[in-house]
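Visitor: Questions regarding the structure given below will be posed in turn.
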Amino acid sequence: MYRSCHPRDQLLQAYLWRWDIETNFRDEKTILGTGQAQVRNPASTRIVPQMMVAAYSLLLLAGIKLRGVKGIPELQDIPKWQDPTKKYRTSTCDLIKQLRAELWANSIASTNFCDFVSKPPSSSSPLNIQIPAFSAILQFNPG
């Protein structure tokens, strides 16, 4: 716990802690959609938000383990329009993007089509099958 002799310092620290809590609530509601589950069972109505908050907590813990408490995302993960010097910490969108990349990368970036045909037709361009959808799907930055 933070200890200080000055009430002004204590007030500022409480405000900063509260700001992190408000940011957490915003991310849970807007990015993850907590509270918007479309379930009909009364038990599910209570349990789904709890499960989403628990999953969000695990995502944040994984982000801390990956990049540290105030870890900054890798420069190639930051959109070109965003100033990298103003990126102070990893956002929830950055963590979700990283999770998607780790879970889906191999299946999306795969260019092995040997299961479909034994030999590609000569009229098709080799570029059509060499460009994976990886960057279009996993490098998307909504916020």
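By order of appearance in the structure tokens: chains A, B, ..., then residues from 1 within every chain, and ligands from 1 in the order shown.
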Residues within 10 Å of Asn24 in chain A, please, as an MDAnalysis selection string. Count only C-alpha atoms; anything in the same chain fewer than 6 positions from it doesn't count.
Guide: chainID A and resid 18 53 56:57 92
Visitor: Keeping N, CA, C and O atoms, export the residues of the selection given above as a PDB file, in the first residue's frame.
Guide:
```
ATOM      1  N   ARG A  18      -7.953   4.612  -9.185  1.00  0.00           N
ATOM      2  CA  ARG A  18      -9.340   4.601  -9.640  1.00  0.00           C
ATOM      3  C   ARG A  18      -9.407   4.672 -11.159  1.00  0.00           C
ATOM      4  O   ARG A  18     -10.273   4.067 -11.785  1.00  0.00           O
ATOM      5  N   VAL A  53     -15.123 -12.005 -17.054  1.00  0.00           N
ATOM      6  CA  VAL A  53     -14.187 -11.244 -16.224  1.00  0.00           C
ATOM      7  C   VAL A  53     -13.001 -12.124 -15.830  1.00  0.00           C
ATOM      8  O   VAL A  53     -11.852 -11.674 -15.822  1.00  0.00           O
ATOM      9  N   TYR A  56     -10.826 -12.395 -18.854  1.00  0.00           N
ATOM     10  CA  TYR A  56     -10.126 -11.122 -19.029  1.00  0.00           C
ATOM     11  C   TYR A  56      -8.959 -11.024 -18.042  1.00  0.00           C
ATOM     12  O   TYR A  56      -7.868 -10.565 -18.411  1.00  0.00           O
ATOM     13  N   SER A  57      -9.168 -11.470 -16.821  1.00  0.00           N
ATOM     14  CA  SER A  57      -8.092 -11.464 -15.830  1.00  0.00           C
ATOM     15  C   SER A  57      -6.931 -12.349 -16.273  1.00  0.00           C
ATOM     16  O   SER A  57      -5.766 -11.971 -16.131  1.00  0.00           O
ATOM     17  N   THR A  92      -5.611  -3.611 -24.078  1.00  0.00           N
ATOM     18  CA  THR A  92      -6.381  -4.848 -24.176  1.00  0.00           C
ATOM     19  C   THR A  92      -6.457  -5.302 -25.626  1.00  0.00           C
ATOM     20  O   THR A  92      -6.357  -6.501 -25.917  1.00  0.00           O
TER      21      THR A  92
END
```
Visitor: Just asking: which residues within range 17-70 of chain A are helix (DSSP H, G or I) according to DSSP, as number ranges by chain?
Guide: A: 17-31, 42-67
Visitor: Residues within 8 Å of Ala37 in chain A, please, as number ranges by chain. Count only C-alpha atoms; anything in the same chain fewer than 6 positions from it doesn't count.
Guide: A: 45, 48-49
Visitor: Next, the residues of the selection above should be written as an mmCIF file, in the first residue's frame with all heavy atoms.
Guide:
```
data_model
loop_
_atom_site.group_PDB
_atom_site.id
_atom_site.type_symbol
_atom_site.label_atom_id
_atom_site.label_comp_id
_atom_site.auth_asym_id
_atom_site.auth_seq_id
_atom_site.Cartn_x
_atom_site.Cartn_y
_atom_site.Cartn_z
ATOM 1 N N THR A 45 -27.198 -16.252 -17.040
ATOM 2 C CA THR A 45 -27.191 -14.794 -16.958
ATOM 3 C C THR A 45 -26.250 -14.309 -15.861
ATOM 4 O O THR A 45 -25.604 -13.281 -16.000
ATOM 5 C CB THR A 45 -28.617 -14.272 -16.699
ATOM 6 O OG1 THR A 45 -29.483 -14.800 -17.692
ATOM 7 C CG2 THR A 45 -28.674 -12.765 -16.740
ATOM 8 N N VAL A 48 -22.161 -16.061 -16.969
ATOM 9 C CA VAL A 48 -21.411 -15.623 -18.152
ATOM 10 C C VAL A 48 -20.580 -14.370 -17.876
ATOM 11 O O VAL A 48 -19.391 -14.332 -18.216
ATOM 12 C CB VAL A 48 -22.340 -15.453 -19.374
ATOM 13 C CG1 VAL A 48 -21.632 -14.740 -20.510
ATOM 14 C CG2 VAL A 48 -22.848 -16.794 -19.843
ATOM 15 N N PRO A 49 -21.116 -13.314 -17.250
ATOM 16 C CA PRO A 49 -20.248 -12.158 -16.951
ATOM 17 C C PRO A 49 -19.080 -12.516 -16.032
ATOM 18 O O PRO A 49 -17.971 -12.023 -16.221
ATOM 19 C CB PRO A 49 -21.190 -11.158 -16.283
ATOM 20 C CG PRO A 49 -22.539 -11.533 -16.756
ATOM 21 C CD PRO A 49 -22.510 -13.017 -16.924
#
```
Visitor: Using only C-alpha atoms, which residues sit within 9 Å of Leu95 in chain A once same-chain residues fewer than 5 positions away are excluded, as an mmCIF file with N, CA, C and O atoms, in the first residue's frame?
Guide:
```
data_model
loop_
_atom_site.group_PDB
_atom_site.id
_atom_site.type_symbol
_atom_site.label_atom_id
_atom_site.label_comp_id
_atom_site.auth_asym_id
_atom_site.auth_seq_id
_atom_site.Cartn_x
_atom_site.Cartn_y
_atom_site.Cartn_z
ATOM 1 N N LEU A 59 -6.183 -13.054 -19.355
ATOM 2 C CA LEU A 59 -5.547 -12.358 -20.474
ATOM 3 C C LEU A 59 -4.577 -11.297 -19.957
ATOM 4 O O LEU A 59 -3.449 -11.177 -20.446
ATOM 5 N N LEU A 60 -4.999 -10.529 -18.953
ATOM 6 C CA LEU A 60 -4.127 -9.501 -18.383
ATOM 7 C C LEU A 60 -2.906 -10.123 -17.711
ATOM 8 O O LEU A 60 -1.788 -9.606 -17.842
ATOM 9 N N ALA A 62 -1.516 -12.977 -18.491
ATOM 10 C CA ALA A 62 -0.646 -13.455 -19.567
ATOM 11 C C ALA A 62 0.129 -12.289 -20.185
ATOM 12 O O ALA A 62 1.310 -12.427 -20.523
ATOM 13 N N GLY A 63 -0.530 -11.133 -20.320
ATOM 14 C CA GLY A 63 0.150 -9.946 -20.845
ATOM 15 C C GLY A 63 1.254 -9.470 -19.922
ATOM 16 O O GLY A 63 2.330 -9.065 -20.378
ATOM 17 N N PRO A 73 4.098 -2.853 -26.406
ATOM 18 C CA PRO A 73 4.102 -3.833 -27.491
ATOM 19 C C PRO A 73 5.291 -3.633 -28.432
ATOM 20 O O PRO A 73 5.876 -2.559 -28.479
ATOM 21 N N THR A 90 0.785 -1.763 -22.937
ATOM 22 C CA THR A 90 0.058 -2.667 -23.802
ATOM 23 C C THR A 90 -1.433 -2.544 -23.512
ATOM 24 O O THR A 90 -1.853 -2.622 -22.370
ATOM 25 N N ARG A 100 -4.853 -13.834 -30.628
ATOM 26 C CA ARG A 100 -5.311 -14.324 -31.930
ATOM 27 C C ARG A 100 -4.146 -14.819 -32.771
ATOM 28 O O ARG A 100 -4.235 -15.857 -33.423
#
```
Visitor: Identify which of the residues A:Arg89, A:Lys97, A:Arg40, A:Arg8 lies closest to Val69 in chain A, counting only C-alpha atoms when measuring atom-to-atom distances.
Guide: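 Answer, going by the shortest atom-to-atom distance: A:Arg89.
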Visitor: State, in Å with one decimal place, the distance from CA of Trp104 in chain A to CA of Gly33 in chain A.
Guide: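 Computing it gives 21.4 Å between the two atoms.
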Visitor: Nearest residue to Ser91 in chain A out of A:Asn41, A:Thr30, A:Gln36, A:Thr23, using only C-alpha atoms?
Guide: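 Between A:Asn41, A:Thr30, A:Gln36, A:Thr23, the residue approaching Ser91 in chain A most closely is A:Thr23.
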Visitor: What is the distance between CA of Phe25 in chain A and CA of Lys80 in chain A, in Å to one decimal?
Guide: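 Taking CA of Phe25 in chain A as the start and CA of Lys80 in chain A as the end point, the length is 28.0 Å.
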Visitor: Please report the interatomic distance between CA of Gly71 in chain A and CA of Gln50 in chain A in Å with one decimal.
Guide: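 Interatomic distance here is 26.5 Å.
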Visitor: Closest to Ala55 in chain A among A:Cys93, A:Asp83, A:Thr34, A:Trp17, using only C-alpha atoms?
Guide: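 Ranked by minimum distance to Ala55 in chain A, first place goes to A:Thr34.
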